[in-house]
Amino acid sequence: MLQVTDLACMRGDRLLFHGVTLNLEPGQMLRLAGPNGIGKTSMLRILCALVHPEHGEIRWHGKNILKEREAFHADVLYLGHAASLSELLTPLENLELMARIACHRQSDDKACEQALDRIGLGERLDLPCKVLSAGQRRRVGLARLFLAADKPVWILDEPFSALDVRAVADLAETLDEHCDRGGLVIYTTHQEVAFRTPVTTLDLAEYAA
Amino acid sequence: MLQVTDLACMRGDRLLFHGVTLNLEPGQMLRLAGPNGIGKTSMLRILCALVHPEHGEIRWHGKNILKEREAFHADVLYLGHAASLSELLTPLENLELMARIACHRQSDDKACEQALDRIGLGERLDLPCKVLSAGQRRRVGLARLFLAADKPVWILDEPFSALDVRAVADLAETLDEHCDRGGLVIYTTHQEVAFRTPVTTLDLAEYAA
Amino acid sequence: MSTSESRFNLYHYAAPQAFYPVAGKLAPIFAVIAAALTLAGLWIGFFKAPTDAVQGEVYRIIFIHVPAAWMSMFVFLVMAFWSAVGLAMNTRLSALMAQALAPTGAMFCFVALWTGALWGRPTWGAYWVWDARLTSQLLLLFLYLGYMALVAAVDDPRRRDKAGAILCLVGAVNVPIIYFSVKWWNTLHQGASVSLTKAPSMASIMLSGMLVMALAAWAYTIAVALYRVRVLILERERHADWVRGELTRLGEAN
Amino acid sequence: MNAFAAILRRDMLLAWRSRADLLISLAFFVIVGCLFPFGVGAEPNQLRAIGPGVLWVAALLSCLLSLHRLFAQDYQDGTLEQMLLSPDPTVLWILAKVLAHWLTTAVPLLLITPLMALMFDLEGGAIQVLTASLAIGTPILSLIGAVGAALTLGLRGGGALLALLVLPLFVPVLIFGAGSVDAYLSGTGASAHMLLLGGGVLGSLALSPVACAAALRISTE
Amino acid sequence: MNAFAAILRRDMLLAWRSRADLLISLAFFVIVGCLFPFGVGAEPNQLRAIGPGVLWVAALLSCLLSLHRLFAQDYQDGTLEQMLLSPDPTVLWILAKVLAHWLTTAVPLLLITPLMALMFDLEGGAIQVLTASLAIGTPILSLIGAVGAALTLGLRGGGALLALLVLPLFVPVLIFGAGSVDAYLSGTGASAHMLLLGGGVLGSLALSPVACAAALRISTE
Amino acid sequence: MKARHKRLTLILGGLLLLIGATALVLSAFRENLVFFHTPTEVAEGKAPTGRTFRIGGMVETGSIRREGVEVHFAVTDTARSIPVVYSGPLPDLFKEGKGAVVQGKLGTDGVFAASEVLAKHDENYMPPEAQHAIDQAQQAAKTVQQ
Ligand code: HEM
Ligand SMILES: Nc1ncnc2c1ncn2[C@@H]1O[C@H](COP(=O)(O)OP(=O)(O)OP(=O)(O)O)[C@@H](O)[C@H]1O
Ligand SMILES: Nc1ncnc2c1ncn2[C@@H]1O[C@H](COP(=O)(O)OP(=O)(O)OP(=O)(O)O)[C@@H](O)[C@H]1O
Ligand SMILES: [Mg+2]
Ligand SMILES: [Mg+2]
């Protein structure tokens, strides 16, 4: 489904990793591992076509993602380090905007409210995101997961950071469900989190230059 | 040493917690716990006199910290959620600036370089902080700990987030050492981290309004 | 780490709550005084006071222009006073007082500018000149507008109070400049007719009309400020029990 | 069109959220306009001569001040990344952002321009020409400015030098915009100037979103 | 003094790292200045009459444009918080920041002012007076502006709100600054204006850091 | 203690600055900052030549003379007087013996060509009868003096 061939990534004049070859199938869960600064975030951004790789290519259903960018983006959900929130908008408004931009199947008020409720922000709907706590901001972004069941590929950069223990368990369950329904999850984290789905780990340190 | 009396915190028109009374002694390690949004960050900011509490007072060596702000700040090191880095400066320049501002005893080039080396950024000295990875940015901030042995109070907001497993263990050891030499550490985290020093936990959920 | 019983009382600053009913009682009284004085002042000004020897009838703008100009400066000083009190003593009510006064001050400032311009045309021969008095008065209007914009732009109540207070204190330097501008510089605007240091250079009946109007402006300002501060108090303390009670009472009254 | 509508709506909402904001940028325009009489002195003939130029400069500045915010916020909080990941064409939502920018900053200025022009003692016909030139000229500023804003995102050195090139691009707009009033007053008629400005709008409408999209991709890489 | 020196050094370093920003505000000054001969028509008498005013307005605006950057970046990345936690007196490092702002934005303008003044056909003595008035007047702008920047930190529409707040306080500076050249040309001599500006510098030097410190504490709360 | 020391120095420094500021401002006011120049200043050559400026003073009694659209009059500060020529509407309060501020250029012939004339009145307000009484009193005083 998602084929990565001989991928290499360079930042500045430093080669971060090279020779990464992968073949990811539906229902799989891939964890990118490795110490700080090894290139996990860089790799995720390459995987969703935000950054050009130094070498190698990525094919989605056989098509190069850089060439068929818009078609690929219709199938991908990416949550980066940053929360992607407009400080002055409420969680609901932010979520709706994101859902619309990403063309999620469900993006109406109702669905968004439910998603926020499930992520545990039900009562904070009318505050601007600026005043939310670190964990609450993270949750607003994560609420998109409940609207994006139709996007097969989820790419998540440290989704567990700033979350409290309850929320970590809930999120793990959500990711498991996505794999159950045939989705593909690629994520990074430095925490140990337990999943039902078997996790493939790619240790980038092995590919470091 | 640090006495907190009947502290209450209000954000917007919401009372976050109230009635927190504490007495912290040298060598103690205090963990603020509680779910996302309960008010941990807010409490830390009150503890270092960045925010006025709604009620109650905090005394350091018997003196109200809001009245004797400068004397108190000479004894405190605070690392917040945000990394406090200037994107365009190198780690070394950033660290030096912070050390100077905070009037750390050691703030010369040499000491800063050593500190960065100990935190594992030895080879990244000439890059602007903008291009560093999340964990590396965090480390630049944490490097200050090695320069601040003379500041008795360390207040750390989620210091472990974004760090890899090795770094987490190292940091825990550093905090332990600070307690050993009679320092006081107040921190929050959602991860489980093992310390040598016995940790007092204050669950803010018990004081929630 | 004791979970000691908290003596914490959320709305322990009783001042706004205590002041609310007082303001409610005083406001109508001042409103009535203002109305009465205005009528009296206008009557003196337009029927009793004689024509001016130089300017003829047009000088009667004085009965509006001067009280408005005085008030516009004075209100800013009062706002600065409340701001200083608020910053120094950390009382909530004082910032609310300053905020309640601002629109009235801006209104008077605008009126002074407007009537001054209208008056300038027939007397000086120009609506507007850039002399020191007129320029500094225009700046006062901008300061009022800036204050109101700043207060409106800040969401957090505590920050709003303090930010407004600082602007107020900084802006207050303009007021003495307005007042003394006619002394310090050659201006087209006339010098003071009434001052503490010399006898008024004005027929006494004219003077009394002007003073009555000035008192009316005072009473009006106080009344409006009290009404407005009541609204601000309700808004600020909307989660307190007593406000809920008050709101239901108001709701039933309608 | 999903992203276009959503982003237009969001940007308008952000502007609406702080209703005072529109008033503030208006006040800025007014105050900058008032500054020139302070600095230059207030002789009516002189005021009349510099009036159109001053108002054009004031409009340009107020546009410039707000342009800075066009992408910066979205870039910093990561929203821009998400927009670039949208399955909808990039140029579409860039147009949405530029349109929202123009609607919230330029249109209020247009409404108050006649009043300001009166302050500078301009006469009726000149006021109409001035307002028209602003109405046609300001979209060019927003469009060109967007490219500059995209280029200056996060880049420094070479990229920011390119941004310097954008400021000079504003100058022709200014010259023709302010010049149109002079042309009208001198009796030659302003239509040539207006046509030029109109051409500018169409040209920049065609080119700037594409350039902007490319610039954004580079800036976020 | 630890913090003062460190922050001054850092801000200068940052300015150097992002030289393009400096160039932009310099370019802005030059462009606003150059625009007038275009917009107003190049009649020497008129140019000479409006020259000092235009250059003063341009300098004021270019200062205003850079003011919002004074604390914004530090606020967003949390450095400001750390500065507020410094054991050194707050007013000291605020002075360092303001000084750095003045050195990096106003001084380049001062250096280029004589050139610009030649464009407006001013004569030697007038150029000297103009440059001197700018040299004494711009620190006031930076000092007062810092208070405005601190007050509007993190507010939406910050740039425009900032302009609205500080412009009334800038206007007297502008009047006396531009007025000094007139006074010189009219033969009365500019010394009274200079003395007033000097008084303004000392007064704002005494008051503005205190107000600024208070404003920063509120804004970061 | 050290912190208190620092604070004291800062407060002292601030006070010194403020004192300096007041001193400068006060000495500035001893020089003149003007909306208009007086005829004496003009006569002494303190006013600009070849540029627009304003002169202020009294309209000299008996000096107003109309020639077609042009009005000729003189502005005086009792010591000196400057002849002025102007064409255009005059404010109602423009009268002989009353204050006026005129804007324009001083010609080489010593005649001030005005582009704008403003009336300046003083701070006295009184009914016509009182004014009349005062005028008469002054007249009487003058006669007595003579
Ligand atoms: C737009 C134009 C004008 C503005 C902004 C203005 C502003 C002011 C201000 C601020 C004051 C109060 C200051 C004080 O008490 O000394 C004042 C007072 C006064 N103004 Fe005006 N004025 C304007 C035009 C005029 C005109 C055209 C006249 C008369 C022809 C006039 C006559 C007076 C008088 C009589 C006072 C009272 C002075 C006193 O007794 O203290 N003003 N004006
Ligand atoms: N211009 C450059 N020159 C040299 N190295 C660079 C440059 N830009 C980025 N890098 C390096 O590239 C790496 C980027 O790492 P990335 O953010 O992908 O790490 P990561 O694996 O996500 O780390 P973390 O666990 O801390 O999030 C960093 O080590 C950074 O120092
Ligand atoms: N203006 C406001 N009105 C109501 N609630 C507010 C306002 N501002 C902040 N809050 C709330 O105050 C709380 C601040 O929490 P704080 O950042 O201290 O949480 P935290 O315990 O650090 O959480 P986390 O674990 O997510 O970091 C949040 O719940 C936030 O929603
Ligand atoms: Mg990463
Ligand atoms: Mg937190």
# chains A, B, ... in the order shown; residues from 1 in each chain; ligands from 1

$ residues_around --residues "range 46-58 of chain A" --least-positions-apart "6" --cutoff "6 Å" --atoms "only C-alpha atoms" --output "PDB file with all heavy atoms, in the first residue's frame"
ATOM      1  N   GLN A   3       4.653   2.308  -0.109  1.00  0.00           N
ATOM      2  CA  GLN A   3       5.966   1.736  -0.354  1.00  0.00           C
ATOM      3  C   GLN A   3       7.036   2.804  -0.271  1.00  0.00           C
ATOM      4  O   GLN A   3       6.958   3.829  -0.940  1.00  0.00           O
ATOM      5  CB  GLN A   3       6.034   1.146  -1.760  1.00  0.00           C
ATOM      6  CG  GLN A   3       5.327  -0.177  -1.888  1.00  0.00           C
ATOM      7  CD  GLN A   3       5.306  -0.568  -3.330  1.00  0.00           C
ATOM      8  OE1 GLN A   3       4.781   0.161  -4.168  1.00  0.00           O
ATOM      9  NE2 GLN A   3       5.890  -1.732  -3.629  1.00  0.00           N
ATOM     10  N   VAL A   4       8.014   2.553   0.563  1.00  0.00           N
ATOM     11  CA  VAL A   4       9.107   3.498   0.719  1.00  0.00           C
ATOM     12  C   VAL A   4      10.370   2.818   0.202  1.00  0.00           C
ATOM     13  O   VAL A   4      10.690   1.716   0.633  1.00  0.00           O
ATOM     14  CB  VAL A   4       9.291   3.865   2.205  1.00  0.00           C
ATOM     15  CG1 VAL A   4      10.481   4.780   2.382  1.00  0.00           C
ATOM     16  CG2 VAL A   4       8.026   4.499   2.748  1.00  0.00           C
ATOM     17  N   THR A   5      11.030   3.471  -0.755  1.00  0.00           N
ATOM     18  CA  THR A   5      12.206   2.833  -1.343  1.00  0.00           C
ATOM     19  C   THR A   5      13.467   3.658  -1.135  1.00  0.00           C
ATOM     20  O   THR A   5      13.522   4.798  -1.584  1.00  0.00           O
ATOM     21  CB  THR A   5      12.016   2.651  -2.881  1.00  0.00           C
ATOM     22  OG1 THR A   5      10.630   2.493  -3.144  1.00  0.00           O
ATOM     23  CG2 THR A   5      12.804   1.464  -3.378  1.00  0.00           C
ATOM     24  N   ASP A   6      14.405   3.081  -0.442  1.00  0.00           N
ATOM     25  CA  ASP A   6      15.748   3.641  -0.344  1.00  0.00           C
ATOM     26  C   ASP A   6      15.756   5.124   0.014  1.00  0.00           C
ATOM     27  O   ASP A   6      16.399   5.946  -0.621  1.00  0.00           O
ATOM     28  CB  ASP A   6      16.469   3.441  -1.692  1.00  0.00           C
ATOM     29  CG  ASP A   6      17.978   3.633  -1.525  1.00  0.00           C
ATOM     30  OD1 ASP A   6      18.442   3.577  -0.354  1.00  0.00           O
ATOM     31  OD2 ASP A   6      18.666   3.860  -2.529  1.00  0.00           O
ATOM     32  N   LEU A   7      15.020   5.438   1.040  1.00  0.00           N
ATOM     33  CA  LEU A   7      14.821   6.835   1.414  1.00  0.00           C
ATOM     34  C   LEU A   7      16.043   7.383   2.142  1.00  0.00           C
ATOM     35  O   LEU A   7      16.610   6.730   3.006  1.00  0.00           O
ATOM     36  CB  LEU A   7      13.606   6.930   2.347  1.00  0.00           C
ATOM     37  CG  LEU A   7      12.884   8.268   2.401  1.00  0.00           C
ATOM     38  CD1 LEU A   7      12.275   8.579   1.046  1.00  0.00           C
ATOM     39  CD2 LEU A   7      11.808   8.208   3.458  1.00  0.00           C
ATOM     40  N   ALA A   8      16.421   8.609   1.777  1.00  0.00           N
ATOM     41  CA  ALA A   8      17.489   9.294   2.504  1.00  0.00           C
ATOM     42  C   ALA A   8      17.038  10.709   2.795  1.00  0.00           C
ATOM     43  O   ALA A   8      16.304  11.307   2.018  1.00  0.00           O
ATOM     44  CB  ALA A   8      18.770   9.315   1.681  1.00  0.00           C
ATOM     45  N   CYS A   9      17.473  11.232   3.939  1.00  0.00           N
ATOM     46  CA  CYS A   9      17.048  12.571   4.323  1.00  0.00           C
ATOM     47  C   CYS A   9      18.250  13.386   4.741  1.00  0.00           C
ATOM     48  O   CYS A   9      19.120  12.925   5.462  1.00  0.00           O
ATOM     49  CB  CYS A   9      16.044  12.490   5.461  1.00  0.00           C
ATOM     50  SG  CYS A   9      15.738  14.082   6.243  1.00  0.00           S
ATOM     51  N   MET A  10      18.289  14.571   4.247  1.00  0.00           N
ATOM     52  CA  MET A  10      19.408  15.453   4.537  1.00  0.00           C
ATOM     53  C   MET A  10      18.840  16.754   5.093  1.00  0.00           C
ATOM     54  O   MET A  10      17.857  17.283   4.585  1.00  0.00           O
ATOM     55  CB  MET A  10      20.129  15.728   3.223  1.00  0.00           C
ATOM     56  CG  MET A  10      21.393  16.459   3.392  1.00  0.00           C
ATOM     57  SD  MET A  10      22.627  15.727   2.308  1.00  0.00           S
ATOM     58  CE  MET A  10      23.856  17.011   2.394  1.00  0.00           C
ATOM     59  N   ASN A  64       3.692   7.861  -7.096  1.00  0.00           N
ATOM     60  CA  ASN A  64       4.613   8.717  -6.359  1.00  0.00           C
ATOM     61  C   ASN A  64       3.848   9.845  -5.672  1.00  0.00           C
ATOM     62  O   ASN A  64       3.125  10.606  -6.316  1.00  0.00           O
ATOM     63  CB  ASN A  64       5.641   9.298  -7.336  1.00  0.00           C
ATOM     64  CG  ASN A  64       6.753  10.017  -6.601  1.00  0.00           C
ATOM     65  OD1 ASN A  64       6.517  10.702  -5.616  1.00  0.00           O
ATOM     66  ND2 ASN A  64       7.975   9.838  -7.083  1.00  0.00           N
TER      67      ASN A  64
ATOM     68  N   GLU D 221       9.248  23.951   4.275  1.00  0.00           N
ATOM     69  CA  GLU D 221       9.993  22.700   4.152  1.00  0.00           C
ATOM     70  C   GLU D 221      10.968  22.500   5.303  1.00  0.00           C
ATOM     71  O   GLU D 221      11.496  23.448   5.850  1.00  0.00           O
ATOM     72  CB  GLU D 221      10.734  22.642   2.818  1.00  0.00           C
ATOM     73  CG  GLU D 221      10.808  21.198   2.375  1.00  0.00           C
ATOM     74  CD  GLU D 221      11.326  21.022   0.982  1.00  0.00           C
ATOM     75  OE1 GLU D 221      12.505  21.279   0.755  1.00  0.00           O
ATOM     76  OE2 GLU D 221      10.530  20.590   0.121  1.00  0.00           O
TER      77      GLU D 221
END

$ calpha_fit_rmsd --fixed "chain E" --moving "chain D"
2.0 Å

$ residues_around --residues "range 139-141 of chain E" --least-positions-apart "5" --cutoff "7 Å" --atoms "only C-alpha atoms" --output "number ranges by chain"
E: 102, 170, 200-201, 204

$ write_last_selection --atoms "N, CA, C and O atoms" --output "JSON list (two decimals), in the first residue's frame"
[["chain", "number", "residue", "atom", "x", "y", "z"],
["E", 102, "TRP", "N", 16.69, 51.17, 19.47],
["E", 102, "TRP", "CA", 17.07, 52.47, 18.92],
["E", 102, "TRP", "C", 18.31, 52.33, 18.05],
["E", 102, "TRP", "O", 18.37, 52.85, 16.94],
["E", 170, "PHE", "N", 3.24, 60.35, 20.35],
["E", 170, "PHE", "CA", 4.29, 60.65, 19.39],
["E", 170, "PHE", "C", 4.13, 62.03, 18.76],
["E", 170, "PHE", "O", 5.09, 62.65, 18.35],
["E", 200, "GLY", "N", 12.15, 65.87, 26.89],
["E", 200, "GLY", "CA", 11.34, 64.69, 26.62],
["E", 200, "GLY", "C", 12.14, 63.41, 26.79],
["E", 200, "GLY", "O", 11.67, 62.43, 27.36],
["E", 201, "VAL", "N", 13.38, 63.41, 26.28],
["E", 201, "VAL", "CA", 14.21, 62.20, 26.42],
["E", 201, "VAL", "C", 14.40, 61.86, 27.89],
["E", 201, "VAL", "O", 14.15, 60.73, 28.32],
["E", 204, "SER", "N", 11.08, 60.73, 29.55],
["E", 204, "SER", "CA", 10.62, 59.39, 29.18],
["E", 204, "SER", "C", 11.62, 58.33, 29.63],
["E", 204, "SER", "O", 11.24, 57.20, 29.94]]

$ closest_residue --among "E:Asp88, E:Cys212, E:Arg17, E:Ile144" --to "chain F" --atoms "only C-alpha atoms"
E:Asp88

$ residues_near_ligand --ligand "ligand 2" --cutoff "6 Å" --atoms "only C-alpha atoms and all ligand atoms" --output "MDAnalysis selection string"
(chainID A and resid 11:14 35:42) or (chainID B and resid 131:136)

$ write_last_selection --atoms "all heavy atoms" --output "short mmCIF file (atom, residue, chain, number, x, y, z; two decimals), in the first residue's frame"
data_model
loop_
_atom_site.label_atom_id
_atom_site.label_comp_id
_atom_site.auth_asym_id
_atom_site.auth_seq_id
_atom_site.Cartn_x
_atom_site.Cartn_y
_atom_site.Cartn_z
N ARG A 11 19.44 17.24 6.17
CA ARG A 11 19.06 18.55 6.72
C ARG A 11 20.31 19.40 6.75
O ARG A 11 21.32 18.97 7.31
CB ARG A 11 18.50 18.43 8.12
CG ARG A 11 17.32 17.52 8.27
CD ARG A 11 16.03 18.29 8.47
NE ARG A 11 15.61 18.98 7.24
CZ ARG A 11 14.51 19.73 7.17
NH1 ARG A 11 13.74 19.89 8.21
NH2 ARG A 11 14.18 20.32 6.04
N GLY A 12 20.22 20.58 6.20
CA GLY A 12 21.42 21.39 6.10
C GLY A 12 22.44 20.58 5.32
O GLY A 12 22.13 20.04 4.26
N ASP A 13 23.65 20.45 5.83
CA ASP A 13 24.62 19.63 5.10
C ASP A 13 24.87 18.32 5.83
O ASP A 13 25.93 17.73 5.75
CB ASP A 13 25.92 20.40 4.89
CG ASP A 13 26.34 21.11 6.16
OD1 ASP A 13 25.82 20.70 7.23
OD2 ASP A 13 27.14 22.06 6.10
N ARG A 14 23.84 17.89 6.59
CA ARG A 14 24.03 16.68 7.37
C ARG A 14 23.06 15.61 6.88
O ARG A 14 21.86 15.85 6.79
CB ARG A 14 23.79 17.00 8.84
CG ARG A 14 24.00 15.84 9.74
CD ARG A 14 24.35 16.27 11.15
NE ARG A 14 24.12 15.16 12.02
CZ ARG A 14 23.02 14.97 12.72
NH1 ARG A 14 22.06 15.88 12.70
NH2 ARG A 14 22.87 13.89 13.47
N PRO A 35 16.84 8.00 19.16
CA PRO A 35 17.09 9.09 20.10
C PRO A 35 16.73 10.45 19.52
O PRO A 35 16.44 10.57 18.32
CB PRO A 35 18.60 9.00 20.36
CG PRO A 35 19.15 8.31 19.16
CD PRO A 35 18.08 7.36 18.71
N ASN A 36 16.75 11.48 20.36
CA ASN A 36 16.44 12.84 19.94
C ASN A 36 17.33 13.26 18.78
O ASN A 36 18.54 13.05 18.80
CB ASN A 36 16.68 13.83 21.09
CG ASN A 36 15.64 13.71 22.18
OD1 ASN A 36 15.95 13.81 23.34
ND2 ASN A 36 14.40 13.46 21.80
N GLY A 37 16.70 13.84 17.79
CA GLY A 37 17.45 14.44 16.70
C GLY A 37 17.91 13.47 15.64
O GLY A 37 18.68 13.83 14.75
N ILE A 38 17.42 12.24 15.69
CA ILE A 38 17.88 11.24 14.73
C ILE A 38 17.19 11.46 13.38
O ILE A 38 17.70 11.05 12.34
CB ILE A 38 17.62 9.81 15.26
CG1 ILE A 38 18.42 8.79 14.48
CG2 ILE A 38 16.15 9.46 15.16
CD1 ILE A 38 19.87 8.81 14.84
N GLY A 39 16.00 12.08 13.41
CA GLY A 39 15.32 12.35 12.14
C GLY A 39 13.91 11.80 12.04
O GLY A 39 13.37 11.66 10.95
N LYS A 40 13.29 11.51 13.18
CA LYS A 40 11.94 10.96 13.14
C LYS A 40 10.94 11.96 12.57
O LYS A 40 10.18 11.65 11.65
CB LYS A 40 11.50 10.55 14.56
CG LYS A 40 12.40 9.51 15.20
CD LYS A 40 11.94 9.13 16.58
CE LYS A 40 12.08 10.24 17.60
NZ LYS A 40 13.46 10.74 17.77
N THR A 41 10.95 13.16 13.13
CA THR A 41 10.04 14.17 12.63
C THR A 41 10.28 14.44 11.15
O THR A 41 9.34 14.51 10.36
CB THR A 41 10.21 15.47 13.43
OG1 THR A 41 9.91 15.21 14.80
CG2 THR A 41 9.31 16.56 12.92
N SER A 42 11.55 14.51 10.78
CA SER A 42 11.86 14.75 9.37
C SER A 42 11.29 13.65 8.50
O SER A 42 10.72 13.92 7.43
CB SER A 42 13.38 14.81 9.18
OG SER A 42 13.95 15.68 10.13
N VAL B 131 16.47 24.95 13.74
CA VAL B 131 16.51 23.69 13.02
C VAL B 131 16.67 22.49 13.95
O VAL B 131 16.69 21.36 13.48
CB VAL B 131 17.64 23.67 11.97
CG1 VAL B 131 17.48 24.83 11.02
CG2 VAL B 131 19.00 23.67 12.62
N LEU B 132 16.75 22.71 15.22
CA LEU B 132 16.92 21.57 16.13
C LEU B 132 15.64 20.77 16.24
O LEU B 132 14.54 21.27 16.02
CB LEU B 132 17.34 22.07 17.50
CG LEU B 132 18.70 22.75 17.58
CD1 LEU B 132 19.03 23.06 19.03
CD2 LEU B 132 19.79 21.88 16.96
N SER B 133 15.78 19.52 16.65
CA SER B 133 14.59 18.69 16.86
C SER B 133 13.97 19.05 18.21
O SER B 133 14.58 19.74 19.03
CB SER B 133 14.98 17.22 16.85
OG SER B 133 15.49 16.85 18.11
N ALA B 134 12.73 18.60 18.40
CA ALA B 134 12.00 18.94 19.63
C ALA B 134 12.80 18.59 20.87
O ALA B 134 12.92 19.39 21.81
CB ALA B 134 10.66 18.23 19.64
N GLY B 135 13.38 17.39 20.88
CA GLY B 135 14.12 16.95 22.05
C GLY B 135 15.39 17.78 22.25
O GLY B 135 15.76 18.11 23.37
N GLN B 136 16.02 18.13 21.15
CA GLN B 136 17.25 18.92 21.28
C GLN B 136 16.96 20.30 21.83
O GLN B 136 17.71 20.83 22.64
CB GLN B 136 17.93 19.02 19.90
CG GLN B 136 18.55 17.71 19.46
CD GLN B 136 18.98 17.72 18.00
OE1 GLN B 136 18.43 18.48 17.19
NE2 GLN B 136 19.93 16.87 17.66
#

$ residues_near_ligand --ligand "ligand 1" --cutoff "7 Å" --atoms "only C-alpha atoms and all ligand atoms" --output "PyMOL selection string"
(chain C and resi 59+62+65-66+69-70+73+112-117+119-120+123-124+127-128+133-134+137-138+178-179+189-195) or (chain F and resi 123)

$ interface_residues --of "chain B" --to "chain F" --cutoff "9 Å" --atoms "only C-alpha atoms" --output "ChimeraX atom specification"
/B:68,70-71
